[in-house]
Amino acid sequence: KTDFPKIESLINQKEISRTQSHYKKFGNDALESTVQKKYGVSLYLPDDFKLAEDTNNFMWLRRERVKYMGNTAHEITQGLFLFTYPYTSDSALSEANALAMRDSILKMYVPGPKEGTYMTTEYRYPPSTEVIDLNGKYSLLTRGLWKTENYFMGGPFISLTTTSQDDRNIISISGFVFAPKFDKREYIREIESILKSVKISESTSK
């Protein structure tokens, strides 16, 4: 009984490794290269991810799939947001500051279906953050729920906050799932697999 969390964690790690191997073999090389050039981030992406938006220092990648429940088709959306901002102090690498910055960027770039609606963090169920070592860099992995301000949409998210190769910028890579009719565990694990494949190098864009 007491070993259950440990067993669950091992199963999760195994599934993540398996998913990463698949993405590595059958990935989206062109999009991976686009991300690498702009952000100095190498990662494994599924081949059906597409570039939804690329502006200033914000990039939105998305994957749309259809799953049937009974005879009804439902869309499942997975998305990744990448953005950077100056690393001005160590407090930037705190959960509160990382989420505040994420909220302000999402408000700017990720509108909801109606005017005045936008994606943000659901704080009624507080996010949880673990400190991880990402290729020798102090980094944060935050899990929580997102919602659409002034609208009924939401789901889980997982976010990686780390620093650029030269430590001048914070790099945020945040993934979300929208699958209202389905169990989201598998879909958020796919996002986690992408985030845990991240390696930081140098960007080639000026």
# chains A, B, ... in the order shown; residues from 1 in each chain; ligands from 1

call {"tool": "residues_around", "arguments": {"residues": "Arg65 in chain A", "least_positions_apart": "6", "cutoff": "12 Å", "atoms": "only C-alpha atoms", "output": "ChimeraX atom specification"}}
result
/A:48-50,73-79,177-179,187

call {"tool": "select_by_dssp", "arguments": {"residues": "range 35-124 of chain A", "states": "strand (DSSP E or B)", "output": "PyMOL selection string"}}
result
chain A and resi 41-42+46+50-55+58-69+72-86+111+118-121

call {"tool": "closest_atom_pairs", "arguments": {"of": "range 61-94 of chain A", "to": "range 123-147 of chain A", "cutoff": "12 Å", "atoms": "only C-alpha atoms", "output": "Markdown table"}}
result
| residue | atom | partner | partner_atom | distance |
| --- | --- | --- | --- | --- |
| A:Asp90 | CA | A:Tyr138 | CA | 10.4 |
| A:Ala92 | CA | A:Leu140 | CA | 10.7 |
| A:Leu93 | CA | A:Leu140 | CA | 7.2 |
| A:Ser94 | CA | A:Leu140 | CA | 7.8 |

call {"tool": "write_last_selection", "arguments": {"atoms": "all heavy atoms", "output": "PDB file, in the first residue's frame"}}
result
ATOM      1  N   ASP A  90      16.967  36.493  -9.244  1.00  0.00           N
ATOM      2  CA  ASP A  90      16.696  35.085  -8.919  1.00  0.00           C
ATOM      3  C   ASP A  90      15.217  34.841  -8.594  1.00  0.00           C
ATOM      4  O   ASP A  90      14.732  33.728  -8.745  1.00  0.00           O
ATOM      5  CB  ASP A  90      17.560  34.626  -7.736  1.00  0.00           C
ATOM      6  CG  ASP A  90      19.018  34.464  -8.154  1.00  0.00           C
ATOM      7  OD1 ASP A  90      19.274  34.421  -9.371  1.00  0.00           O
ATOM      8  OD2 ASP A  90      19.887  34.391  -7.274  1.00  0.00           O
ATOM      9  N   ALA A  92      12.832  35.625 -10.262  1.00  0.00           N
ATOM     10  CA  ALA A  92      12.130  35.251 -11.502  1.00  0.00           C
ATOM     11  C   ALA A  92      11.888  33.743 -11.528  1.00  0.00           C
ATOM     12  O   ALA A  92      10.903  33.275 -12.094  1.00  0.00           O
ATOM     13  CB  ALA A  92      12.939  35.682 -12.725  1.00  0.00           C
ATOM     14  N   LEU A  93      12.800  32.998 -10.897  1.00  0.00           N
ATOM     15  CA  LEU A  93      12.656  31.538 -10.852  1.00  0.00           C
ATOM     16  C   LEU A  93      11.905  31.117  -9.582  1.00  0.00           C
ATOM     17  O   LEU A  93      12.349  30.252  -8.836  1.00  0.00           O
ATOM     18  CB  LEU A  93      14.024  30.863 -10.940  1.00  0.00           C
ATOM     19  CG  LEU A  93      14.576  30.699 -12.363  1.00  0.00           C
ATOM     20  CD1 LEU A  93      16.008  30.192 -12.321  1.00  0.00           C
ATOM     21  CD2 LEU A  93      13.722  29.742 -13.189  1.00  0.00           C
ATOM     22  N   SER A  94      10.784  31.766  -9.340  1.00  0.00           N
ATOM     23  CA  SER A  94       9.891  31.346  -8.253  1.00  0.00           C
ATOM     24  C   SER A  94       8.549  31.017  -8.890  1.00  0.00           C
ATOM     25  O   SER A  94       8.214  31.541  -9.959  1.00  0.00           O
ATOM     26  CB  SER A  94       9.712  32.466  -7.220  1.00  0.00           C
ATOM     27  OG  SER A  94       8.957  33.521  -7.785  1.00  0.00           O
TER      28      SER A  94
END

call {"tool": "residues_around", "arguments": {"residues": "Lys114 in chain A", "least_positions_apart": "4", "cutoff": "9 Å", "atoms": "only C-alpha atoms", "output": "ChimeraX atom specification"}}
result
/A:118,150-151

call {"tool": "write_last_selection", "arguments": {"atoms": "C-alpha atoms", "output": "short mmCIF file (atom, residue, chain, number, x, y, z; two decimals), in the first residue's frame"}}
result
data_model
loop_
_atom_site.label_atom_id
_atom_site.label_comp_id
_atom_site.auth_asym_id
_atom_site.auth_seq_id
_atom_site.Cartn_x
_atom_site.Cartn_y
_atom_site.Cartn_z
CA TYR A 118 -8.52 34.68 -22.37
CA ASN A 150 -15.21 34.92 -18.17
CA TYR A 151 -15.97 31.66 -20.00
#
